[in-house]
Amino acid sequence: MQVHSSVENLPAFTRSVITIGTFDGVHTGHQKIIQALVSEAQIVNGESVIITFHPHPRKIINPNHRLELLTTLEEKIEILSTAGIHHLVVVPFTVSFAEQAAEAYLKDFLINKFHPRSIIIGYDHHFGKNREGNFQFLEQNVATYQYQLIEIPVLVLDEISVSSTKIRQAIQQSHVEKANELLGYSFFFSGIVTPGDQLGRTLGYPTANLEYVDDDKIELGHGVYAVYVIINGVQKKGMLSIGNRPTLTGSGKKVEVNIFEWEQEIYGATIKIIVAHFLRAQEKYESLEALTLQLHKDEEASLKLL
C-alpha cells in the first residue's frame, strides 16, 4: 500500500475505485467496505484508493471537542497496510477545504485528482460547504463525469455507527474483550516511557510509566490488564495498570506496565501496548505486602491468558 500525504503529488491512478471516510478504528464494519473496494478494483482491473483526512474533521470544525480516537493516523495506516489496498491518500483537512462548494469538491478534488472509475459511498455521506454535497449530488453528476456510483448498504452504515459507539463504550468501561471482538483485532496504543517513583522495583515488579503519544487517543478504563508489549520490534508479555493506585494515597492517575522478562532501561522509548484481557478493577490493599501478593496473582493470571 502506498501512502500519499499530499494531494498535489498524486500518481496517475489506473481505473481508480475510491471510497472516502475517516475509518476511525478500521473495525469489522469498515472492513466490509474495504472488502467491497478491493473486490470492485479487481473486477475493473483498477487500483483501490481510500481517501481519509488528517486532522480528523471534527478537530477543525469543533476544536474544543476531545476526539477520543480509536486509532491515530499512524495506527490507521498500520492496520490498513494489511488490507490489500493499493493507495491510502491522507488529505490535510483545513477550514478552506471544508468550505469549498460541493461542485468544486467533486470537480477539482475527486475528478481532477483521482479520475475515479467507481465511487463507493454511503447515502449519508456529505461534503462541501454547509454539507451541501451528498449521494444524490454525486448521482446527478454520473453522466457528466462518467463514473460508476456504488452505494454502501444502509445495514453496513448502521453497523459501523453502532459498532463505533459500542467499541468506545467498551474501551472506556474496561470491557476490552468486547472491544476486541468488534474491532476484529486487539486494541492497542503507544506510550512514551517516562521516569516514575520506582516503587515497583521495591515490590519486585518494576514498571514503565507511560504517557500517551497522542492526546486525542481514547483511553482505557481504570483496571489491570494482560498485555503484549512491543519494544523495538520485540514482543514481550506483561501486565498493564491504569488508575489512581488506591493503595498509595495521593499518587494520581498512572499508566504503567510491568514487562515480563525484561530488565533493560527504556526511558524515552516509545512502546506499543496490545491489550488482550481485562484482569480486575483497581483495588485498595491494607499493605504493600498485600499488594505484592496480588501482583503475583496478576502475573500468573496474565501468563495463563496470553
# chains A, B, ... in the order shown; residues from 1 in each chain; ligands from 1
>>> residues_around(residues="Leu210 in chain A", least_positions_apart="6", cutoff="10 Å", atoms="only C-alpha atoms", output="PyMOL selection string")
chain A and resi 190-196+242+254-257+267-271
>>> write_last_selection(atoms="all heavy atoms", output="short mmCIF file (atom, residue, chain, number, x, y, z; two decimals), in the first residue's frame")
data_model
loop_
_atom_site.label_atom_id
_atom_site.label_comp_id
_atom_site.auth_asym_id
_atom_site.auth_seq_id
_atom_site.Cartn_x
_atom_site.Cartn_y
_atom_site.Cartn_z
N SER A 190 0.11 3.48 21.85
CA SER A 190 1.54 3.70 22.04
C SER A 190 1.78 4.69 23.16
O SER A 190 1.00 5.63 23.35
CB SER A 190 2.18 4.23 20.74
OG SER A 190 2.11 3.25 19.72
N GLY A 191 2.84 4.46 23.90
CA GLY A 191 3.18 5.34 25.01
C GLY A 191 4.67 5.60 25.08
O GLY A 191 5.48 4.76 24.68
N ILE A 192 5.02 6.78 25.59
CA ILE A 192 6.43 7.13 25.80
C ILE A 192 6.78 6.82 27.25
O ILE A 192 6.06 7.21 28.18
CB ILE A 192 6.66 8.63 25.51
CG1 ILE A 192 6.29 8.95 24.06
CG2 ILE A 192 8.12 9.01 25.78
CD1 ILE A 192 6.29 10.43 23.74
N VAL A 193 7.88 6.12 27.45
CA VAL A 193 8.30 5.72 28.80
C VAL A 193 8.91 6.92 29.51
O VAL A 193 9.87 7.54 29.02
CB VAL A 193 9.30 4.56 28.74
CG1 VAL A 193 9.73 4.16 30.16
CG2 VAL A 193 8.69 3.37 28.01
N THR A 194 8.36 7.24 30.67
CA THR A 194 8.84 8.38 31.46
C THR A 194 9.28 7.91 32.85
O THR A 194 8.81 6.87 33.32
CB THR A 194 7.73 9.44 31.61
OG1 THR A 194 6.61 8.85 32.29
CG2 THR A 194 7.29 9.95 30.24
N PRO A 195 10.14 8.66 33.52
CA PRO A 195 10.57 8.27 34.87
C PRO A 195 9.40 8.26 35.85
O PRO A 195 8.50 9.11 35.77
CB PRO A 195 11.58 9.36 35.24
CG PRO A 195 12.04 9.92 33.94
CD PRO A 195 10.86 9.86 33.03
N GLY A 196 9.40 7.29 36.76
CA GLY A 196 8.36 7.21 37.78
C GLY A 196 8.97 7.24 39.16
O GLY A 196 10.13 7.63 39.34
N ILE A 242 -3.88 0.83 34.97
CA ILE A 242 -4.33 2.20 34.72
C ILE A 242 -5.24 2.62 35.87
O ILE A 242 -6.21 1.94 36.18
CB ILE A 242 -5.09 2.30 33.40
CG1 ILE A 242 -4.19 1.91 32.22
CG2 ILE A 242 -5.63 3.72 33.19
CD1 ILE A 242 -4.87 1.99 30.88
N LYS A 254 -2.04 6.94 36.98
CA LYS A 254 -0.83 6.39 36.39
C LYS A 254 -1.21 5.38 35.30
O LYS A 254 -2.19 4.64 35.43
CB LYS A 254 0.02 5.67 37.44
CG LYS A 254 0.59 6.57 38.53
CD LYS A 254 1.75 7.40 38.02
CE LYS A 254 2.39 8.19 39.16
NZ LYS A 254 3.54 9.01 38.69
N VAL A 255 -0.42 5.36 34.25
CA VAL A 255 -0.48 4.31 33.23
C VAL A 255 0.88 3.65 33.27
O VAL A 255 1.89 4.26 32.92
CB VAL A 255 -0.77 4.89 31.83
CG1 VAL A 255 -0.82 3.77 30.79
CG2 VAL A 255 -2.06 5.69 31.82
N GLU A 256 0.94 2.41 33.73
CA GLU A 256 2.23 1.76 33.91
C GLU A 256 2.14 0.29 33.55
O GLU A 256 1.12 -0.36 33.75
CB GLU A 256 2.73 1.93 35.36
CG GLU A 256 1.70 1.59 36.42
CD GLU A 256 2.15 2.00 37.82
OE1 GLU A 256 3.33 2.28 38.01
OE2 GLU A 256 1.29 2.03 38.71
N VAL A 257 3.23 -0.22 32.98
CA VAL A 257 3.25 -1.60 32.52
C VAL A 257 4.46 -2.33 33.11
O VAL A 257 5.57 -1.80 33.13
CB VAL A 257 3.27 -1.67 30.97
CG1 VAL A 257 4.50 -0.99 30.39
CG2 VAL A 257 3.15 -3.11 30.48
N TYR A 267 13.85 4.38 29.21
CA TYR A 267 13.35 5.74 29.36
C TYR A 267 13.43 6.50 28.03
O TYR A 267 14.45 6.45 27.33
CB TYR A 267 14.15 6.51 30.42
CG TYR A 267 13.92 6.03 31.83
CD1 TYR A 267 14.99 5.77 32.68
CD2 TYR A 267 12.63 5.84 32.32
CE1 TYR A 267 14.80 5.33 33.98
CE2 TYR A 267 12.42 5.40 33.62
CZ TYR A 267 13.51 5.14 34.43
OH TYR A 267 13.30 4.69 35.71
N GLY A 268 12.35 7.16 27.68
CA GLY A 268 12.32 7.92 26.43
C GLY A 268 11.88 7.12 25.23
O GLY A 268 11.60 7.70 24.18
N ALA A 269 11.81 5.80 25.38
CA ALA A 269 11.40 4.96 24.25
C ALA A 269 9.89 5.01 24.06
O ALA A 269 9.13 5.23 25.00
CB ALA A 269 11.84 3.52 24.49
N THR A 270 9.45 4.83 22.83
CA THR A 270 8.03 4.69 22.52
C THR A 270 7.72 3.21 22.35
O THR A 270 8.34 2.55 21.52
CB THR A 270 7.66 5.46 21.24
OG1 THR A 270 7.92 6.85 21.43
CG2 THR A 270 6.18 5.27 20.91
N ILE A 271 6.81 2.71 23.15
CA ILE A 271 6.48 1.30 23.09
C ILE A 271 5.00 1.12 22.78
O ILE A 271 4.18 2.00 23.02
CB ILE A 271 6.84 0.55 24.40
CG1 ILE A 271 6.00 1.07 25.58
CG2 ILE A 271 8.33 0.71 24.70
CD1 ILE A 271 6.28 0.32 26.88
#
>>> residues_around(residues="range 228-241 of chain A", least_positions_apart="5", cutoff="8 Å", atoms="only C-alpha atoms", output="list of chain:residue names")
A:His222, A:Gly223, A:Lys254, A:Val255, A:Glu256, A:Val257, A:Asn258, A:Ile259, A:Phe260, A:Glu261, A:Thr270, A:Ile271, A:Lys272, A:Ile273, A:Ile274, A:Val275, A:Ala276, A:Asp298, A:Glu299, A:Ser302, A:Leu303, A:Leu306
>>> residues_around(residues="Arg131 in chain A", least_positions_apart="4", cutoff="9 Å", atoms="only C-alpha atoms", output="number ranges by chain")
A: 98-99, 101-102, 125-127
>>> write_last_selection(atoms="N, CA, C and O atoms", output="compact mmCIF listing (two decimals), in the first residue's frame")
# COMPACT_ATOMS: atom_id res chain seq x y z
N ALA A 98 -12.88 22.46 3.93
CA ALA A 98 -14.25 22.17 4.37
C ALA A 98 -15.26 23.12 3.75
O ALA A 98 -16.43 22.76 3.55
N GLU A 99 -14.81 24.34 3.43
CA GLU A 99 -15.75 25.36 2.97
C GLU A 99 -15.86 25.46 1.45
O GLU A 99 -16.61 26.30 0.94
N ALA A 101 -17.20 24.69 -2.22
CA ALA A 101 -18.52 24.29 -2.69
C ALA A 101 -18.51 22.84 -3.13
O ALA A 101 -17.46 22.29 -3.51
N ALA A 102 -19.68 22.21 -3.08
CA ALA A 102 -19.79 20.80 -3.46
C ALA A 102 -19.32 20.56 -4.89
O ALA A 102 -18.65 19.56 -5.17
N HIS A 125 -23.33 10.27 3.31
CA HIS A 125 -22.07 10.99 3.17
C HIS A 125 -22.34 12.42 2.68
O HIS A 125 -23.06 12.62 1.70
N HIS A 126 -21.77 13.39 3.37
CA HIS A 126 -21.93 14.79 2.98
C HIS A 126 -20.57 15.44 2.81
O HIS A 126 -19.59 15.06 3.46
N PHE A 127 -20.51 16.43 1.94
CA PHE A 127 -19.25 17.11 1.69
C PHE A 127 -19.54 18.52 1.18
O PHE A 127 -20.66 18.85 0.76
>>> residues_around(residues="Thr14 in chain A", least_positions_apart="4", cutoff="12 Å", atoms="only C-alpha atoms", output="NGL selection string")
:A and (10 or 18 or 41-42 or 44-49 or 86-87 or 113-118)
>>> residues_around(residues="Ser81 in chain A", least_positions_apart="2", cutoff="12 Å", atoms="only C-alpha atoms", output="compact mmCIF listing (two decimals) with all heavy atoms, in the first residue's frame")
# COMPACT_ATOMS: atom_id res chain seq x y z
N MET A 1 0.84 -1.20 0.00
CA MET A 1 0.00 0.00 0.00
C MET A 1 0.88 1.24 0.00
O MET A 1 1.78 1.38 0.81
CB MET A 1 -0.91 0.02 1.24
CG MET A 1 -1.84 1.21 1.31
SD MET A 1 -2.84 1.25 2.83
CE MET A 1 -1.64 1.88 4.01
N GLN A 2 0.59 2.14 -0.92
CA GLN A 2 1.30 3.42 -0.97
C GLN A 2 0.51 4.46 -0.18
O GLN A 2 -0.71 4.55 -0.31
CB GLN A 2 1.47 3.88 -2.41
CG GLN A 2 2.34 2.97 -3.27
CD GLN A 2 2.50 3.52 -4.68
OE1 GLN A 2 2.65 4.73 -4.87
NE2 GLN A 2 2.48 2.63 -5.66
N VAL A 3 1.20 5.25 0.62
CA VAL A 3 0.57 6.29 1.42
C VAL A 3 0.96 7.65 0.82
O VAL A 3 2.15 7.93 0.64
CB VAL A 3 1.00 6.22 2.89
CG1 VAL A 3 0.32 7.33 3.70
CG2 VAL A 3 0.66 4.86 3.48
N VAL A 26 -10.89 1.33 11.99
CA VAL A 26 -10.83 0.31 10.91
C VAL A 26 -11.39 -1.00 11.46
O VAL A 26 -10.76 -2.05 11.37
CB VAL A 26 -9.40 0.13 10.37
CG1 VAL A 26 -9.43 -0.55 9.00
CG2 VAL A 26 -8.67 1.45 10.25
N ILE A 34 -14.06 -2.00 2.91
CA ILE A 34 -12.74 -2.22 2.32
C ILE A 34 -12.75 -3.46 1.43
O ILE A 34 -12.18 -3.46 0.33
CB ILE A 34 -11.68 -2.34 3.44
CG1 ILE A 34 -11.55 -1.00 4.17
CG2 ILE A 34 -10.34 -2.78 2.87
CD1 ILE A 34 -10.74 -1.07 5.44
N ILE A 50 -8.30 4.54 -0.81
CA ILE A 50 -9.05 5.08 0.32
C ILE A 50 -8.60 6.52 0.54
O ILE A 50 -7.40 6.81 0.62
CB ILE A 50 -8.81 4.26 1.61
CG1 ILE A 50 -9.52 2.91 1.51
CG2 ILE A 50 -9.31 5.02 2.84
CD1 ILE A 50 -9.36 2.04 2.75
N GLU A 74 -1.25 7.14 12.50
CA GLU A 74 -0.20 6.14 12.33
C GLU A 74 -0.76 4.73 12.53
O GLU A 74 -0.40 3.79 11.80
CB GLU A 74 0.95 6.38 13.32
CG GLU A 74 1.76 7.64 13.05
CD GLU A 74 1.02 8.93 13.42
OE1 GLU A 74 0.02 8.85 14.18
OE2 GLU A 74 1.43 10.00 12.95
N GLU A 75 -1.65 4.58 13.50
CA GLU A 75 -2.25 3.27 13.75
C GLU A 75 -3.18 2.86 12.61
O GLU A 75 -3.23 1.70 12.23
CB GLU A 75 -3.00 3.30 15.08
CG GLU A 75 -2.08 3.45 16.29
CD GLU A 75 -2.82 3.81 17.57
OE1 GLU A 75 -4.04 4.10 17.51
OE2 GLU A 75 -2.18 3.82 18.63
N LYS A 76 -3.92 3.84 12.09
CA LYS A 76 -4.81 3.57 10.96
C LYS A 76 -4.01 3.08 9.75
O LYS A 76 -4.40 2.11 9.07
CB LYS A 76 -5.58 4.84 10.60
CG LYS A 76 -6.73 4.64 9.63
CD LYS A 76 -7.31 5.96 9.18
CE LYS A 76 -7.73 6.85 10.33
NZ LYS A 76 -8.38 8.10 9.87
N ILE A 77 -2.89 3.74 9.49
CA ILE A 77 -2.02 3.33 8.38
C ILE A 77 -1.51 1.92 8.61
O ILE A 77 -1.48 1.08 7.68
CB ILE A 77 -0.85 4.32 8.22
CG1 ILE A 77 -1.36 5.68 7.73
CG2 ILE A 77 0.21 3.78 7.27
CD1 ILE A 77 -0.32 6.78 7.74
N GLU A 78 -1.12 1.61 9.84
CA GLU A 78 -0.60 0.28 10.17
C GLU A 78 -1.64 -0.80 9.88
O GLU A 78 -1.33 -1.84 9.28
CB GLU A 78 -0.19 0.23 11.64
CG GLU A 78 0.30 -1.13 12.11
CD GLU A 78 0.62 -1.15 13.60
OE1 GLU A 78 0.83 -0.08 14.18
OE2 GLU A 78 0.65 -2.27 14.17
N ILE A 79 -2.88 -0.57 10.27
CA ILE A 79 -3.94 -1.57 10.08
C ILE A 79 -4.29 -1.69 8.60
O ILE A 79 -4.41 -2.80 8.07
CB ILE A 79 -5.19 -1.20 10.90
CG1 ILE A 79 -4.86 -1.19 12.39
CG2 ILE A 79 -6.32 -2.18 10.62
CD1 ILE A 79 -5.93 -0.54 13.25
N ALA A 83 -4.58 -4.62 4.46
CA ALA A 83 -5.95 -4.84 3.98
C ALA A 83 -6.06 -5.04 2.47
O ALA A 83 -7.15 -5.20 1.94
CB ALA A 83 -6.83 -3.66 4.39
N GLY A 84 -4.93 -5.03 1.77
CA GLY A 84 -4.96 -5.26 0.34
C GLY A 84 -5.29 -4.02 -0.48
O GLY A 84 -5.66 -4.13 -1.65
N ILE A 85 -5.15 -2.84 0.12
CA ILE A 85 -5.42 -1.57 -0.57
C ILE A 85 -4.19 -1.14 -1.36
O ILE A 85 -3.06 -1.29 -0.90
CB ILE A 85 -5.78 -0.47 0.46
CG1 ILE A 85 -7.02 -0.87 1.26
CG2 ILE A 85 -6.00 0.87 -0.22
CD1 ILE A 85 -8.25 -1.03 0.44
N HIS A 86 -4.42 -0.57 -2.55
CA HIS A 86 -3.29 -0.06 -3.33
C HIS A 86 -2.80 1.28 -2.81
O HIS A 86 -1.59 1.51 -2.72
CB HIS A 86 -3.70 0.10 -4.81
CG HIS A 86 -3.93 -1.19 -5.52
ND1 HIS A 86 -5.16 -1.60 -5.98
CD2 HIS A 86 -3.08 -2.20 -5.84
CE1 HIS A 86 -5.07 -2.78 -6.56
NE2 HIS A 86 -3.81 -3.16 -6.47
N HIS A 87 -3.73 2.18 -2.49
CA HIS A 87 -3.34 3.54 -2.11
C HIS A 87 -4.18 4.05 -0.93
O HIS A 87 -5.39 3.83 -0.89
CB HIS A 87 -3.54 4.52 -3.28
CG HIS A 87 -2.78 4.16 -4.52
ND1 HIS A 87 -1.47 4.53 -4.72
CD2 HIS A 87 -3.15 3.46 -5.62
CE1 HIS A 87 -1.07 4.09 -5.90
NE2 HIS A 87 -2.07 3.43 -6.47
N LEU A 88 -3.51 4.74 -0.02
CA LEU A 88 -4.18 5.50 1.03
C LEU A 88 -3.77 6.95 0.85
O LEU A 88 -2.58 7.28 0.90
CB LEU A 88 -3.78 5.01 2.42
CG LEU A 88 -4.34 5.83 3.59
CD1 LEU A 88 -5.86 5.71 3.66
CD2 LEU A 88 -3.71 5.41 4.92
>>> residues_around(residues="Thr28 in chain A", least_positions_apart="2", cutoff="8 Å", atoms="only C-alpha atoms", output="number ranges by chain")
A: 26, 30-32, 160, 182-184
>>> residues_around(residues="Tyr105 in chain A", least_positions_apart="6", cutoff="9 Å", atoms="only C-alpha atoms", output="PyMOL selection string")
chain A and resi 97+111+127-128+133
>>> select_by_dssp(residues="range 26-56 of chain A", states="helix (DSSP H, G or I)", output="list in words")
Thr28, Gly29, His30, Gln31, Lys32, Ile33, Ile34, Gln35, Ala36, Leu37, Val38, Ser39, Glu40, Ala41, Gln42 and Ile43 of chain A
>>> atom_distance(atom1="CA of Gln100 in chain A", atom2="CA of Ile150 in chain A")
23.8 Å
>>> select_by_dssp(residues="range 111-220 of chain A", states="strand (DSSP E or B)", output="list in words")
Pro116, Arg117, Ser118, Ile119, Ile120, Ile121, Gly122, Phe127, Gly133, Gln148, Leu149, Ile150, Glu151, Ile152, Phe188, Phe189, Ser190, Gly191, Ile192, Val193, Thr194, Ala208, Asn209, Leu210, Glu211, Tyr212 and Lys217 of chain A
>>> write_last_selection(atoms="N, CA, C and O atoms", output="CSV table (one decimal), in the first residue's frame")
chain,number,residue,atom,x,y,z
A,116,PRO,N,-11.9,8.9,-10.9
A,116,PRO,CA,-12.4,7.6,-10.5
A,116,PRO,C,-13.2,6.9,-11.5
A,116,PRO,O,-14.0,7.5,-12.3
A,117,ARG,N,-12.9,5.6,-11.6
A,117,ARG,CA,-13.8,4.7,-12.4
A,117,ARG,C,-15.0,4.4,-11.6
A,117,ARG,O,-16.1,4.3,-12.2
A,118,SER,N,-14.9,4.2,-10.3
A,118,SER,CA,-16.0,3.9,-9.4
A,118,SER,C,-15.9,4.7,-8.1
A,118,SER,O,-14.7,4.8,-7.6
A,119,ILE,N,-17.0,5.1,-7.6
A,119,ILE,CA,-17.0,5.8,-6.2
A,119,ILE,C,-17.9,5.0,-5.4
A,119,ILE,O,-19.1,4.7,-5.7
A,120,ILE,N,-17.4,4.5,-4.2
A,120,ILE,CA,-18.2,3.7,-3.3
A,120,ILE,C,-18.5,4.6,-2.1
A,120,ILE,O,-17.5,5.0,-1.4
A,121,ILE,N,-19.7,4.9,-1.8
A,121,ILE,CA,-20.1,5.9,-0.8
A,121,ILE,C,-21.4,5.6,-0.2
A,121,ILE,O,-22.2,4.9,-0.8
A,122,GLY,N,-21.6,6.1,1.0
A,122,GLY,CA,-22.9,5.8,1.7
A,122,GLY,C,-23.9,6.9,1.4
A,122,GLY,O,-23.5,8.1,1.1
A,127,PHE,N,-20.5,16.4,1.9
A,127,PHE,CA,-19.2,17.1,1.7
A,127,PHE,C,-19.5,18.5,1.2
A,127,PHE,O,-20.7,18.8,0.8
A,133,GLY,N,-23.1,18.9,-0.5
A,133,GLY,CA,-22.9,17.7,-1.3
A,133,GLY,C,-23.3,16.4,-0.7
A,133,GLY,O,-23.1,16.2,0.5
A,148,GLN,N,-18.9,5.3,-12.1
A,148,GLN,CA,-19.9,4.5,-11.5
A,148,GLN,C,-20.1,4.8,-10.0
A,148,GLN,O,-19.1,4.8,-9.3
A,149,LEU,N,-21.3,4.9,-9.6
A,149,LEU,CA,-21.6,5.2,-8.2
A,149,LEU,C,-22.2,4.0,-7.5
A,149,LEU,O,-23.2,3.5,-8.0
A,150,ILE,N,-21.5,3.5,-6.5
A,150,ILE,CA,-21.9,2.3,-5.8
A,150,ILE,C,-22.2,2.7,-4.4
A,150,ILE,O,-21.4,3.3,-3.7
A,151,GLU,N,-23.5,2.4,-4.0
A,151,GLU,CA,-23.9,2.8,-2.6
A,151,GLU,C,-23.6,1.7,-1.6
A,151,GLU,O,-23.8,0.5,-1.8
A,152,ILE,N,-23.1,2.2,-0.5
A,152,ILE,CA,-22.8,1.3,0.6
A,152,ILE,C,-24.1,1.0,1.3
A,152,ILE,O,-24.9,1.9,1.6
A,188,PHE,N,-5.0,-1.4,20.8
A,188,PHE,CA,-3.6,-1.1,21.1
A,188,PHE,C,-3.4,0.4,21.2
A,188,PHE,O,-4.2,1.2,20.6
A,189,PHE,N,-2.3,0.8,21.9
A,189,PHE,CA,-1.9,2.2,21.9
A,189,PHE,C,-0.4,2.3,22.1
A,189,PHE,O,0.2,1.3,22.5
A,190,SER,N,0.1,3.5,21.9
A,190,SER,CA,1.5,3.7,22.0
A,190,SER,C,1.8,4.7,23.2
A,190,SER,O,1.0,5.6,23.3
A,191,GLY,N,2.8,4.5,23.9
A,191,GLY,CA,3.2,5.3,25.0
A,191,GLY,C,4.7,5.6,25.1
A,191,GLY,O,5.5,4.8,24.7
A,192,ILE,N,5.0,6.8,25.6
A,192,ILE,CA,6.4,7.1,25.8
A,192,ILE,C,6.8,6.8,27.3
A,192,ILE,O,6.1,7.2,28.2
A,193,VAL,N,7.9,6.1,27.4
A,193,VAL,CA,8.3,5.7,28.8
A,193,VAL,C,8.9,6.9,29.5
A,193,VAL,O,9.9,7.5,29.0
A,194,THR,N,8.4,7.2,30.7
A,194,THR,CA,8.8,8.4,31.5
A,194,THR,C,9.3,7.9,32.8
A,194,THR,O,8.8,6.9,33.3
A,208,ALA,N,7.2,0.4,33.7
A,208,ALA,CA,7.5,1.5,32.9
A,208,ALA,C,6.3,2.4,32.9
A,208,ALA,O,5.2,2.0,32.5
A,209,ASN,N,6.5,3.7,33.3
A,209,ASN,CA,5.4,4.6,33.3
A,209,ASN,C,5.2,5.2,31.9
A,209,ASN,O,6.2,5.5,31.2
A,210,LEU,N,4.0,5.4,31.5
A,210,LEU,CA,3.7,5.7,30.1
A,210,LEU,C,2.9,7.0,30.0
A,210,LEU,O,2.0,7.3,30.8
A,211,GLU,N,3.2,7.8,29.0
A,211,GLU,CA,2.4,8.9,28.6
A,211,GLU,C,1.9,8.6,27.2
A,211,GLU,O,2.7,8.2,26.3
A,212,TYR,N,0.6,8.8,27.0
A,212,TYR,CA,0.0,8.6,25.6
A,212,TYR,C,0.7,9.4,24.6
A,212,TYR,O,1.0,10.6,24.8
A,217,LYS,N,-6.1,10.2,21.5
A,217,LYS,CA,-6.4,8.7,21.5
A,217,LYS,C,-7.3,8.4,22.7
A,217,LYS,O,-7.1,8.9,23.8
>>> closest_residue(among="A:Leu110, A:Ala170, A:Ile33, A:Ala179", to="Val154 in chain A", atoms="only C-alpha atoms")
A:Ile33
>>> atom_distance(atom1="CA of Ser6 in chain A", atom2="CA of Thr94 in chain A")
13.1 Å
>>> atom_distance(atom1="CA of Gly243 in chain A", atom2="CA of Lys284 in chain A")
11.3 Å
